[in-house]
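Enquirer: Here it is, the structure in full.
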Amino acid sequence: MTRTDSYYETDKIISEYLLFHYGEAEHFRGPPESLSFPQRCGQLALRHPVSKGRALDLGCAVGGSSCELSAHFEETIGIDFSHGLIEAAKRMQEGESADVEIALEGDLTTSISLHRPNAARPTHLRYQQGDAMNLSNDLGTFDFVLMANLIDRLPDPARCLHSIASLINSDGILAITSPYTWLEEFTPRDKWLGGFQKEGSPVRSYQSLQKILQPEFEEIEALDMPFLIREHSRKNQYSIAQATLWRRR
Ligand SMILES: C[S@@+](CC[C@H](N)C(=O)[O-])C[C@H]1O[C@@H](n2cnc3c(N)ncnc32)[C@H](O)[C@@H]1O
């Protein structure tokens with residue numbers, strides 16, 4: 001079993017993702033522009049003209065970005081490898097609130113209730129468990145595909161990216177966000193897209209994305225997307241993902 005198989009199935013991770021995706025500003029302490037990352041990922045679909053037919057949120061976790069996409073697209077499909085995360089996403093879709101314990105300091109925690117955002121359209125949303133490395137043939141095609149903080153959790157991101165073009169309609173948009181946190185637990189070193197020297201030169205993930213995607217996509221935009229992960233009431237981990245947007249030729 002790789003780390004990905006079990007890592008995203010624990011109650012602790014599911015609670016952390018529920019907080020990350022459905023938490024309110026009051027649950028985090030950090031720069032305002034780093035809040036609501038999953039919603040901002042869904043809103044990447046609004047930055048450039050694109051048909052609002054079908055959207056795919058690959059590596060959707062508990063569905064915060066899928067909810068946002070469902071507000072704008074006729075149909076949104078959220079896919080994640082983790083059964084536990086998909087079950088939690090479906091419970092939120094059904095309108096259940098989630099009660100999670102969040103850390104205050106030391107052993108102290110407090111219980112908070114998280115709710116599905118009002119903008120979400122649950123009848124336009126479908127979740128399924130699946131593997132980004134081996135997607136089912138009957139998914140159909142999409143106008144917008146989001147891969148939010150997924151690529152550096154895959155065993156072979158280049159292979160996944162090579163296969164994604166066939167899922168995207170001509171003029172459709174692929175949005176990738178990633179902090180490029182390459183770890184051998186998830187991605188064997190020889191499959192990293194960047195963060196190493198090759199023949200004496202540094203290889204950066206952004207350049208590799210350009211090389212992999214340019215035959216099938218035109219690059220539209222690259223932007224920084226900060227986000228916060230709460231550890232306890234006075235400690236929030238601040239990261240900056242890079243978002244890159246690509247239009248299918
Ligand atoms: C770092 S989390 C990002 C989750 C969410 N997109 C976000 O931005 O908060 C990576 C997600 O990818 C999922 N994942 C990892 N490997 C996957 C695979 N092969 N296929 C589909 N999902 C996968 C994990 O279960 C987890 O939900």
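Here, A, B, ... name the chains of the structure tokens in the order displayed, residue numbers run from 1 inside each chain, and ligands are numbered from 1 in the same displayed order.
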Tell me, as a list in words, which residues lie within 12 Å of A:Ser113, counting only C-alpha atoms; anything in the same chain fewer than 6 positions away does not count.
Expert: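 Close residues of A:Ser113: Ser15, Leu18, Leu19, Tyr22, Gly23, Glu24, His27, Met92, Glu96, Ser97, Ala98, Asp99, Val100, Glu101 and Ile102 of chain A.
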Enquirer: Return as a list in words every polymer residue, whether protein, DNA or RNA, with at least one atom no more than 6 Å from an atom of ligand 1; count only C-alpha atoms and all ligand atoms.
Expert: Thr4, Tyr8, Pro38, Gly59, Cys60, Ala61, Asp80, Phe81, Ser82, Gly130, Asp131, Ala132, Met133, Ala148, Asn149, Leu150, Arg153 and Leu154 of chain A
Enquirer: For N, CA, C and O atoms, I'd like the residues from the last selection saved as an mmCIF file, in the first residue's frame.
Expert:
data_model
loop_
_atom_site.group_PDB
_atom_site.id
_atom_site.type_symbol
_atom_site.label_atom_id
_atom_site.label_comp_id
_atom_site.auth_asym_id
_atom_site.auth_seq_id
_atom_site.Cartn_x
_atom_site.Cartn_y
_atom_site.Cartn_z
ATOM 1 N N THR A 4 -0.656 7.102 -0.182
ATOM 2 C CA THR A 4 -1.916 7.678 -0.643
ATOM 3 C C THR A 4 -3.092 6.769 -0.328
ATOM 4 O O THR A 4 -4.177 7.227 -0.008
ATOM 5 N N TYR A 8 -5.300 9.229 3.283
ATOM 6 C CA TYR A 8 -6.481 10.087 3.194
ATOM 7 C C TYR A 8 -7.761 9.411 3.689
ATOM 8 O O TYR A 8 -8.853 9.880 3.404
ATOM 9 N N PRO A 38 -10.589 26.334 -1.330
ATOM 10 C CA PRO A 38 -11.366 25.474 -2.235
ATOM 11 C C PRO A 38 -12.370 26.273 -3.076
ATOM 12 O O PRO A 38 -12.556 25.990 -4.262
ATOM 13 N N GLY A 59 -9.629 14.784 -7.513
ATOM 14 C CA GLY A 59 -8.979 14.909 -6.207
ATOM 15 C C GLY A 59 -9.771 15.890 -5.361
ATOM 16 O O GLY A 59 -9.227 16.780 -4.716
ATOM 17 N N CYS A 60 -11.102 15.699 -5.365
ATOM 18 C CA CYS A 60 -12.027 16.702 -4.801
ATOM 19 C C CYS A 60 -12.047 16.703 -3.280
ATOM 20 O O CYS A 60 -12.606 17.620 -2.676
ATOM 21 N N ALA A 61 -11.477 15.671 -2.634
ATOM 22 C CA ALA A 61 -11.545 15.531 -1.162
ATOM 23 C C ALA A 61 -13.010 15.611 -0.711
ATOM 24 O O ALA A 61 -13.847 14.890 -1.241
ATOM 25 N N ASP A 80 -12.573 11.370 -6.068
ATOM 26 C CA ASP A 80 -11.420 11.262 -5.179
ATOM 27 C C ASP A 80 -11.115 9.789 -4.939
ATOM 28 O O ASP A 80 -12.011 8.941 -4.944
ATOM 29 N N PHE A 81 -9.839 9.517 -4.682
ATOM 30 C CA PHE A 81 -9.403 8.142 -4.437
ATOM 31 C C PHE A 81 -9.888 7.629 -3.076
ATOM 32 O O PHE A 81 -10.099 6.439 -2.879
ATOM 33 N N SER A 82 -10.073 8.566 -2.128
ATOM 34 C CA SER A 82 -10.399 8.179 -0.748
ATOM 35 C C SER A 82 -11.900 7.935 -0.575
ATOM 36 O O SER A 82 -12.718 8.841 -0.788
ATOM 37 N N GLY A 130 -12.749 7.286 -7.264
ATOM 38 C CA GLY A 130 -12.055 6.890 -8.485
ATOM 39 C C GLY A 130 -10.591 7.259 -8.389
ATOM 40 O O GLY A 130 -10.169 7.982 -7.482
ATOM 41 N N ASP A 131 -9.833 6.753 -9.352
ATOM 42 C CA ASP A 131 -8.383 6.925 -9.362
ATOM 43 C C ASP A 131 -7.997 7.807 -10.548
ATOM 44 O O ASP A 131 -8.240 7.442 -11.706
ATOM 45 N N ALA A 132 -7.394 8.954 -10.248
ATOM 46 C CA ALA A 132 -6.967 9.874 -11.311
ATOM 47 C C ALA A 132 -5.978 9.212 -12.262
ATOM 48 O O ALA A 132 -5.815 9.646 -13.400
ATOM 49 N N MET A 133 -5.315 8.165 -11.793
ATOM 50 C CA MET A 133 -4.337 7.468 -12.631
ATOM 51 C C MET A 133 -5.021 6.460 -13.561
ATOM 52 O O MET A 133 -4.377 5.880 -14.424
ATOM 53 N N ALA A 148 -6.840 20.374 -8.064
ATOM 54 C CA ALA A 148 -6.363 21.264 -6.999
ATOM 55 C C ALA A 148 -5.490 20.484 -6.029
ATOM 56 O O ALA A 148 -5.966 19.562 -5.355
ATOM 57 N N ASN A 149 -4.244 20.857 -5.989
ATOM 58 C CA ASN A 149 -3.274 20.266 -5.048
ATOM 59 C C ASN A 149 -3.268 18.747 -5.126
ATOM 60 O O ASN A 149 -3.191 18.051 -4.105
ATOM 61 N N LEU A 150 -3.362 18.249 -6.353
ATOM 62 C CA LEU A 150 -3.398 16.806 -6.582
ATOM 63 C C LEU A 150 -2.078 16.278 -7.134
ATOM 64 O O LEU A 150 -1.616 15.206 -6.724
ATOM 65 N N ARG A 153 0.599 14.525 -5.249
ATOM 66 C CA ARG A 153 0.155 13.372 -4.454
ATOM 67 C C ARG A 153 -0.013 12.131 -5.341
ATOM 68 O O ARG A 153 -0.474 11.088 -4.870
ATOM 69 N N LEU A 154 0.354 12.246 -6.615
ATOM 70 C CA LEU A 154 0.145 11.133 -7.559
ATOM 71 C C LEU A 154 1.422 10.327 -7.765
ATOM 72 O O LEU A 154 2.525 10.892 -7.727
#
Enquirer: Using only C-alpha atoms, pick whichever of A:Ile86, A:Gly194, A:Phe28, A:His21 has the shortest atom-to-atom distance to A:His115.
Expert: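 Selected residue with least distance to A:His115: A:His21.
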Enquirer: When you count only C-alpha atoms, which of these residues is closest to A:Glu74: A:Thr110, A:Thr123, A:Gln237, A:Gln93?
Expert: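 Among the listed residues, A:Thr123 lies closest to A:Glu74.
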Enquirer: If you run DSSP on the backbone, which residues of stretch 3-219 of chain A are alpha helix (DSSP H), as number ranges by chain?
Expert: A: 3-7, 11-22, 37-43, 64-70, 83-93, 157-164, 205-213
Enquirer: Here is a test: counting only C-alpha atoms, which residue of A:Glu231, A:Asp107, A:Asp224, A:Asp11 is nearest to A:Cys41?
Expert: A:Asp224
Enquirer: Tell me which protein, DNA and RNA residues are within 8 Å of stretch 171-182 of chain A, counting only C-alpha atoms, leaving out same-chain ones fewer than 2 positions away, and put them as a short mmCIF file (atom, residue, chain, number, x, y, z; two decimals) with all heavy atoms, in the first residue's frame.
Expert:
data_model
loop_
_atom_site.label_atom_id
_atom_site.label_comp_id
_atom_site.auth_asym_id
_atom_site.auth_seq_id
_atom_site.Cartn_x
_atom_site.Cartn_y
_atom_site.Cartn_z
N CYS A 41 -10.55 28.00 -5.79
CA CYS A 41 -10.18 27.05 -6.86
C CYS A 41 -11.36 26.87 -7.82
O CYS A 41 -11.18 26.88 -9.04
CB CYS A 41 -9.79 25.69 -6.26
SG CYS A 41 -8.16 25.70 -5.52
N LEU A 44 -11.75 29.64 -10.26
CA LEU A 44 -10.81 29.75 -11.38
C LEU A 44 -11.56 29.57 -12.70
O LEU A 44 -11.13 30.07 -13.75
CB LEU A 44 -9.71 28.68 -11.25
CG LEU A 44 -8.68 28.90 -10.14
CD1 LEU A 44 -7.77 27.69 -10.00
CD2 LEU A 44 -7.83 30.17 -10.42
N ALA A 45 -12.69 28.87 -12.65
CA ALA A 45 -13.49 28.64 -13.87
C ALA A 45 -14.13 29.93 -14.38
O ALA A 45 -14.65 29.96 -15.50
CB ALA A 45 -14.59 27.62 -13.58
N VAL A 50 -15.62 30.26 -20.78
CA VAL A 50 -15.66 28.81 -21.02
C VAL A 50 -17.12 28.38 -20.95
O VAL A 50 -17.92 28.98 -20.22
CB VAL A 50 -14.79 28.05 -19.97
CG1 VAL A 50 -15.44 27.98 -18.59
CG2 VAL A 50 -14.40 26.66 -20.45
N SER A 51 -17.49 27.36 -21.74
CA SER A 51 -18.87 26.84 -21.66
C SER A 51 -19.12 26.31 -20.27
O SER A 51 -18.23 25.72 -19.65
CB SER A 51 -19.07 25.69 -22.65
OG SER A 51 -18.90 26.16 -23.94
N PHE A 142 -15.48 17.16 -20.57
CA PHE A 142 -15.76 18.28 -19.67
C PHE A 142 -15.32 19.60 -20.29
O PHE A 142 -14.39 19.65 -21.09
CB PHE A 142 -15.00 18.07 -18.35
CG PHE A 142 -15.46 16.84 -17.61
CD1 PHE A 142 -14.87 15.60 -17.87
CD2 PHE A 142 -16.51 16.91 -16.70
CE1 PHE A 142 -15.31 14.46 -17.22
CE2 PHE A 142 -16.95 15.76 -16.05
CZ PHE A 142 -16.35 14.54 -16.30
N ASP A 143 -15.99 20.68 -19.84
CA ASP A 143 -15.59 22.03 -20.26
C ASP A 143 -14.54 22.60 -19.32
O ASP A 143 -13.79 23.50 -19.71
CB ASP A 143 -16.82 22.95 -20.26
CG ASP A 143 -17.87 22.44 -21.21
OD1 ASP A 143 -17.56 22.31 -22.40
OD2 ASP A 143 -18.99 22.12 -20.75
N PHE A 144 -14.52 22.09 -18.09
CA PHE A 144 -13.56 22.61 -17.10
C PHE A 144 -13.11 21.46 -16.21
O PHE A 144 -13.95 20.72 -15.68
CB PHE A 144 -14.22 23.70 -16.25
CG PHE A 144 -13.30 24.34 -15.25
CD1 PHE A 144 -12.41 25.34 -15.64
CD2 PHE A 144 -13.31 23.95 -13.92
CE1 PHE A 144 -11.55 25.92 -14.73
CE2 PHE A 144 -12.45 24.54 -13.00
CZ PHE A 144 -11.56 25.54 -13.41
N VAL A 145 -11.81 21.29 -16.09
CA VAL A 145 -11.27 20.27 -15.18
C VAL A 145 -10.35 20.95 -14.18
O VAL A 145 -9.45 21.71 -14.56
CB VAL A 145 -10.50 19.18 -15.96
CG1 VAL A 145 -9.80 18.22 -14.99
CG2 VAL A 145 -11.44 18.38 -16.86
N LEU A 146 -10.62 20.70 -12.90
CA LEU A 146 -9.80 21.24 -11.82
C LEU A 146 -8.99 20.11 -11.20
O LEU A 146 -9.54 19.05 -10.87
CB LEU A 146 -10.72 21.85 -10.75
CG LEU A 146 -10.05 22.31 -9.45
CD1 LEU A 146 -9.11 23.49 -9.71
CD2 LEU A 146 -11.11 22.69 -8.41
N MET A 147 -7.69 20.35 -11.06
CA MET A 147 -6.83 19.43 -10.30
C MET A 147 -6.18 20.29 -9.21
O MET A 147 -5.14 20.91 -9.44
CB MET A 147 -5.76 18.81 -11.21
CG MET A 147 -6.34 17.97 -12.33
SD MET A 147 -5.10 17.50 -13.56
CE MET A 147 -4.28 16.18 -12.71
N ALA A 148 -6.84 20.37 -8.06
CA ALA A 148 -6.36 21.26 -7.00
C ALA A 148 -5.49 20.48 -6.03
O ALA A 148 -5.97 19.56 -5.36
CB ALA A 148 -7.54 21.91 -6.27
N ASN A 149 -4.24 20.86 -5.99
CA ASN A 149 -3.27 20.27 -5.05
C ASN A 149 -3.27 18.75 -5.13
O ASN A 149 -3.19 18.05 -4.10
CB ASN A 149 -3.53 20.77 -3.62
CG ASN A 149 -3.30 22.27 -3.52
OD1 ASN A 149 -2.97 22.91 -4.53
ND2 ASN A 149 -3.45 22.83 -2.35
N LEU A 150 -3.36 18.25 -6.35
CA LEU A 150 -3.40 16.81 -6.58
C LEU A 150 -2.08 16.28 -7.13
O LEU A 150 -1.62 15.21 -6.72
CB LEU A 150 -4.54 16.48 -7.57
CG LEU A 150 -4.59 15.03 -8.07
CD1 LEU A 150 -5.00 14.09 -6.94
CD2 LEU A 150 -5.57 14.89 -9.24
N ILE A 151 -1.45 17.02 -8.07
CA ILE A 151 -0.37 16.39 -8.85
C ILE A 151 0.78 15.89 -7.99
O ILE A 151 1.38 14.86 -8.28
CB ILE A 151 0.16 17.29 -10.00
CG1 ILE A 151 0.63 18.65 -9.50
CG2 ILE A 151 -0.88 17.42 -11.10
CD1 ILE A 151 1.37 19.47 -10.56
N ASP A 152 1.08 16.61 -6.88
CA ASP A 152 2.21 16.15 -6.05
C ASP A 152 1.79 15.08 -5.04
O ASP A 152 2.52 14.77 -4.11
CB ASP A 152 2.92 17.34 -5.37
CG ASP A 152 2.00 18.16 -4.48
OD1 ASP A 152 0.83 17.79 -4.31
OD2 ASP A 152 2.46 19.19 -3.95
N ARG A 153 0.60 14.53 -5.25
CA ARG A 153 0.16 13.37 -4.45
C ARG A 153 -0.01 12.13 -5.34
O ARG A 153 -0.47 11.09 -4.87
CB ARG A 153 -1.18 13.68 -3.74
CG ARG A 153 -1.03 14.76 -2.67
CD ARG A 153 -0.10 14.27 -1.56
NE ARG A 153 0.28 15.28 -0.58
CZ ARG A 153 1.42 15.99 -0.64
NH1 ARG A 153 2.27 15.84 -1.63
NH2 ARG A 153 1.72 16.85 0.30
N ILE A 168 -11.13 16.61 -22.02
CA ILE A 168 -11.49 18.04 -22.06
C ILE A 168 -11.92 18.44 -23.47
O ILE A 168 -11.22 18.17 -24.45
CB ILE A 168 -10.31 18.91 -21.57
CG1 ILE A 168 -9.89 18.45 -20.16
CG2 ILE A 168 -10.69 20.39 -21.56
CD1 ILE A 168 -8.72 19.21 -19.56
N ASN A 169 -13.09 19.08 -23.57
CA ASN A 169 -13.60 19.54 -24.86
C ASN A 169 -12.67 20.60 -25.45
O ASN A 169 -12.01 21.33 -24.71
CB ASN A 169 -14.99 20.17 -24.68
CG ASN A 169 -16.01 19.17 -24.18
OD1 ASN A 169 -15.93 17.98 -24.49
ND2 ASN A 169 -16.97 19.64 -23.38
N GLU A 184 8.57 11.66 -1.48
CA GLU A 184 8.72 10.28 -1.99
C GLU A 184 7.62 9.34 -1.50
O GLU A 184 7.35 8.33 -2.12
CB GLU A 184 10.09 9.73 -1.61
CG GLU A 184 11.18 10.29 -2.50
CD GLU A 184 12.54 9.71 -2.18
OE1 GLU A 184 13.04 10.00 -1.08
OE2 GLU A 184 13.07 8.97 -3.03
N PHE A 186 4.57 9.83 -1.70
CA PHE A 186 3.46 9.86 -2.66
C PHE A 186 3.96 9.65 -4.10
O PHE A 186 3.28 9.02 -4.90
CB PHE A 186 2.74 11.22 -2.59
CG PHE A 186 2.07 11.48 -1.28
CD1 PHE A 186 2.62 12.35 -0.35
CD2 PHE A 186 0.87 10.85 -0.96
CE1 PHE A 186 1.98 12.59 0.86
CE2 PHE A 186 0.24 11.08 0.25
CZ PHE A 186 0.80 11.95 1.17
N THR A 187 5.09 10.23 -4.42
CA THR A 187 5.57 10.23 -5.81
C THR A 187 7.01 9.76 -5.84
O THR A 187 7.89 10.42 -5.25
CB THR A 187 5.52 11.68 -6.39
OG1 THR A 187 4.28 12.28 -6.05
CG2 THR A 187 5.70 11.67 -7.90
N TRP A 192 8.94 12.88 -10.05
CA TRP A 192 8.72 14.29 -9.68
C TRP A 192 8.79 15.14 -10.95
O TRP A 192 9.60 14.88 -11.85
CB TRP A 192 9.80 14.77 -8.71
CG TRP A 192 9.74 14.16 -7.34
CD1 TRP A 192 8.93 13.15 -6.91
CD2 TRP A 192 10.55 14.54 -6.22
NE1 TRP A 192 9.17 12.87 -5.59
CE2 TRP A 192 10.16 13.72 -5.13
CE3 TRP A 192 11.55 15.49 -6.02
CZ2 TRP A 192 10.75 13.82 -3.87
CZ3 TRP A 192 12.13 15.59 -4.77
CH2 TRP A 192 11.73 14.77 -3.71
N GLY A 194 9.50 18.36 -10.76
CA GLY A 194 10.50 19.40 -10.53
C GLY A 194 11.13 19.24 -9.16
O GLY A 194 10.81 18.31 -8.41
N GLY A 195 12.04 20.19 -8.85
CA GLY A 195 12.66 20.16 -7.53
C GLY A 195 13.91 19.31 -7.48
O GLY A 195 14.25 18.79 -6.42
N SER A 205 8.91 22.60 -11.54
CA SER A 205 7.64 21.94 -11.89
C SER A 205 6.87 22.73 -12.95
O SER A 205 6.25 22.13 -13.85
CB SER A 205 6.77 21.81 -10.64
OG SER A 205 7.49 21.17 -9.63
N MET A 225 -1.78 31.25 -5.45
CA MET A 225 -3.01 30.96 -4.68
C MET A 225 -2.60 30.56 -3.26
O MET A 225 -2.39 29.38 -2.98
CB MET A 225 -3.74 29.78 -5.33
CG MET A 225 -4.24 30.01 -6.72
SD MET A 225 -5.95 30.54 -6.78
CE MET A 225 -6.81 29.14 -6.16
N SER A 239 0.73 28.31 2.94
CA SER A 239 1.41 27.82 1.73
C SER A 239 0.95 28.66 0.55
O SER A 239 -0.11 29.29 0.60
CB SER A 239 1.05 26.36 1.44
OG SER A 239 1.29 25.55 2.55
N ILE A 240 1.73 28.63 -0.50
CA ILE A 240 1.33 29.34 -1.73
C ILE A 240 1.39 28.35 -2.89
O ILE A 240 2.47 27.95 -3.32
CB ILE A 240 2.25 30.54 -2.03
CG1 ILE A 240 2.32 31.47 -0.82
CG2 ILE A 240 1.75 31.30 -3.26
CD1 ILE A 240 3.34 32.58 -0.95
N ALA A 241 0.19 27.94 -3.33
CA ALA A 241 0.13 27.09 -4.51
C ALA A 241 0.31 27.98 -5.75
O ALA A 241 0.01 29.18 -5.71
CB ALA A 241 -1.21 26.37 -4.57
N GLN A 242 0.80 27.37 -6.82
CA GLN A 242 0.76 28.07 -8.11
C GLN A 242 -0.42 27.51 -8.89
O GLN A 242 -0.57 26.28 -9.00
CB GLN A 242 2.05 27.84 -8.90
CG GLN A 242 2.03 28.64 -10.22
CD GLN A 242 3.29 28.46 -11.03
OE1 GLN A 242 3.82 27.37 -11.18
NE2 GLN A 242 3.79 29.57 -11.58
N ALA A 243 -1.27 28.41 -9.39
CA ALA A 243 -2.35 27.96 -10.27
C ALA A 243 -1.93 28.22 -11.70
O ALA A 243 -1.41 29.31 -12.01
CB ALA A 243 -3.64 28.70 -9.97
N THR A 244 -2.10 27.24 -12.55
CA THR A 244 -1.86 27.45 -13.98
C THR A 244 -3.11 27.03 -14.74
O THR A 244 -3.73 26.02 -14.41
CB THR A 244 -0.63 26.66 -14.49
OG1 THR A 244 -0.77 25.28 -14.15
CG2 THR A 244 0.66 27.19 -13.89
N LEU A 245 -3.49 27.84 -15.73
CA LEU A 245 -4.72 27.60 -16.50
C LEU A 245 -4.34 27.35 -17.95
O LEU A 245 -3.52 28.08 -18.52
CB LEU A 245 -5.66 28.80 -16.38
CG LEU A 245 -6.61 28.80 -15.18
CD1 LEU A 245 -5.84 28.87 -13.87
CD2 LEU A 245 -7.56 29.99 -15.25
N TRP A 246 -4.97 26.33 -18.53
CA TRP A 246 -4.60 25.84 -19.85
C TRP A 246 -5.86 25.66 -20.68
O TRP A 246 -6.80 25.01 -20.22
CB TRP A 246 -3.89 24.49 -19.71
CG TRP A 246 -2.79 24.51 -18.69
CD1 TRP A 246 -2.92 24.34 -17.34
CD2 TRP A 246 -1.41 24.76 -18.94
NE1 TRP A 246 -1.69 24.45 -16.73
CE2 TRP A 246 -0.75 24.70 -17.68
CE3 TRP A 246 -0.65 25.00 -20.10
CZ2 TRP A 246 0.63 24.89 -17.56
CZ3 TRP A 246 0.70 25.19 -19.98
CH2 TRP A 246 1.34 25.14 -18.72
N ARG A 247 -5.84 26.20 -21.92
CA ARG A 247 -7.00 26.00 -22.78
C ARG A 247 -6.72 24.89 -23.79
O ARG A 247 -5.69 24.90 -24.47
CB ARG A 247 -7.37 27.29 -23.51
CG ARG A 247 -8.76 27.17 -24.15
CD ARG A 247 -9.21 28.43 -24.83
NE ARG A 247 -9.48 29.56 -23.98
CZ ARG A 247 -10.59 29.74 -23.25
NH1 ARG A 247 -11.53 28.82 -23.25
NH2 ARG A 247 -10.74 30.84 -22.53
N ARG A 248 -7.67 23.94 -23.86
CA ARG A 248 -7.53 22.79 -24.76
C ARG A 248 -7.60 23.27 -26.20
O ARG A 248 -8.51 24.00 -26.58
CB ARG A 248 -8.67 21.80 -24.47
CG ARG A 248 -8.67 20.55 -25.33
CD ARG A 248 -7.70 19.53 -24.82
NE ARG A 248 -7.93 18.24 -25.45
CZ ARG A 248 -7.30 17.79 -26.53
NH1 ARG A 248 -6.38 18.52 -27.14
NH2 ARG A 248 -7.58 16.60 -27.00
N ARG A 249 -6.62 22.86 -27.00
CA ARG A 249 -6.59 23.28 -28.41
C ARG A 249 -7.70 22.59 -29.18
O ARG A 249 -8.14 21.53 -28.82
CB ARG A 249 -5.25 22.91 -29.02
CG ARG A 249 -4.09 23.67 -28.41
CD ARG A 249 -2.79 23.33 -29.14
NE ARG A 249 -1.63 23.70 -28.36
CZ ARG A 249 -1.14 24.94 -28.25
NH1 ARG A 249 -1.72 25.93 -28.89
NH2 ARG A 249 -0.09 25.19 -27.51
#
Enquirer: Stretch 2-190 of chain A: which residues are strand (DSSP E or B) by DSSP, as an mmCIF file with C-alpha atoms, in the first residue's frame?
Expert:
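Result file states27.cif:
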data_model
loop_
_atom_site.group_PDB
_atom_site.id
_atom_site.type_symbol
_atom_site.label_atom_id
_atom_site.label_comp_id
_atom_site.auth_asym_id
_atom_site.auth_seq_id
_atom_site.Cartn_x
_atom_site.Cartn_y
_atom_site.Cartn_z
ATOM 1 C CA ARG A 54 -19.738 19.978 -17.359
ATOM 2 C CA ALA A 55 -16.982 20.368 -14.751
ATOM 3 C CA LEU A 56 -14.716 17.769 -13.160
ATOM 4 C CA ASP A 57 -13.029 18.223 -9.761
ATOM 5 C CA LEU A 58 -10.289 15.607 -9.701
ATOM 6 C CA GLU A 75 -23.183 19.252 -14.006
ATOM 7 C CA THR A 76 -20.162 18.858 -11.734
ATOM 8 C CA ILE A 77 -18.487 15.558 -10.949
ATOM 9 C CA GLY A 78 -16.148 15.254 -7.968
ATOM 10 C CA ILE A 79 -13.783 12.292 -7.934
ATOM 11 C CA ASP A 80 -11.420 11.262 -5.179
ATOM 12 C CA ALA A 98 -20.602 18.123 9.976
ATOM 13 C CA ASP A 99 -19.517 18.501 13.590
ATOM 14 C CA VAL A 100 -15.752 18.439 13.940
ATOM 15 C CA GLU A 101 -13.383 18.946 16.855
ATOM 16 C CA ILE A 102 -10.756 21.581 16.198
ATOM 17 C CA ALA A 103 -7.613 22.097 18.249
ATOM 18 C CA LEU A 104 -7.362 25.121 20.542
ATOM 19 C CA GLU A 105 -4.055 24.482 22.317
ATOM 20 C CA LEU A 108 -7.983 21.423 24.412
ATOM 21 C CA THR A 109 -10.403 21.242 21.495
ATOM 22 C CA THR A 110 -13.740 22.790 20.641
ATOM 23 C CA SER A 111 -16.595 21.407 18.566
ATOM 24 C CA ILE A 112 -17.788 23.386 15.552
ATOM 25 C CA SER A 113 -20.548 22.782 13.006
ATOM 26 C CA LEU A 114 -19.734 23.090 9.329
ATOM 27 C CA LEU A 125 -23.391 17.641 -8.324
ATOM 28 C CA ARG A 126 -22.252 14.011 -8.260
ATOM 29 C CA TYR A 127 -19.411 12.414 -6.316
ATOM 30 C CA GLN A 128 -17.672 9.156 -7.035
ATOM 31 C CA GLN A 129 -14.664 7.303 -5.751
ATOM 32 C CA PHE A 142 -15.756 18.282 -19.670
ATOM 33 C CA ASP A 143 -15.593 22.026 -20.257
ATOM 34 C CA PHE A 144 -13.559 22.610 -17.100
ATOM 35 C CA VAL A 145 -11.265 20.270 -15.185
ATOM 36 C CA LEU A 146 -9.802 21.237 -11.819
ATOM 37 C CA MET A 147 -6.828 19.432 -10.304
ATOM 38 C CA ALA A 148 -6.363 21.264 -6.999
ATOM 39 C CA ILE A 168 -11.490 18.042 -22.062
ATOM 40 C CA ASN A 169 -13.600 19.539 -24.862
ATOM 41 C CA SER A 170 -11.924 21.754 -27.436
ATOM 42 C CA ASP A 171 -11.741 25.303 -25.898
ATOM 43 C CA GLY A 172 -12.282 23.785 -22.444
ATOM 44 C CA ILE A 173 -9.997 24.756 -19.551
ATOM 45 C CA LEU A 174 -7.701 22.723 -17.325
ATOM 46 C CA ALA A 175 -6.834 24.399 -13.999
ATOM 47 C CA ILE A 176 -3.997 22.961 -11.954
ATOM 48 C CA THR A 177 -3.000 24.253 -8.542
ATOM 49 C CA SER A 178 -0.032 22.922 -6.628
#
Enquirer: Could you state the separation of atom CA of A:Leu193 and atom CA of A:Gly140 in Å, given to one decimal place?
Expert: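 Going from atom CA of A:Leu193 over to atom CA of A:Gly140, I get 27.6 Å.
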Enquirer: Which residue is closest to A:Pro226? Choose from A:Ala25, A:Leu167, A:Ser34, A:Tyr17 and count only C-alpha atoms.
Expert: A:Ser34
Enquirer: For A:Ile164, which residue out of A:Pro188, A:Pro122, A:Glu216, A:Tyr7 is the nearest one, using only C-alpha atoms?
Expert: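 Counting only C-alpha atoms, the residue closest to A:Ile164 is A:Glu216.
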Enquirer: Considering only C-alpha atoms, state which residue in the set A:Glu16, A:Glu87, A:Glu94, A:Glu68 is at the smallest distance from A:Leu46.
Expert: A:Glu68
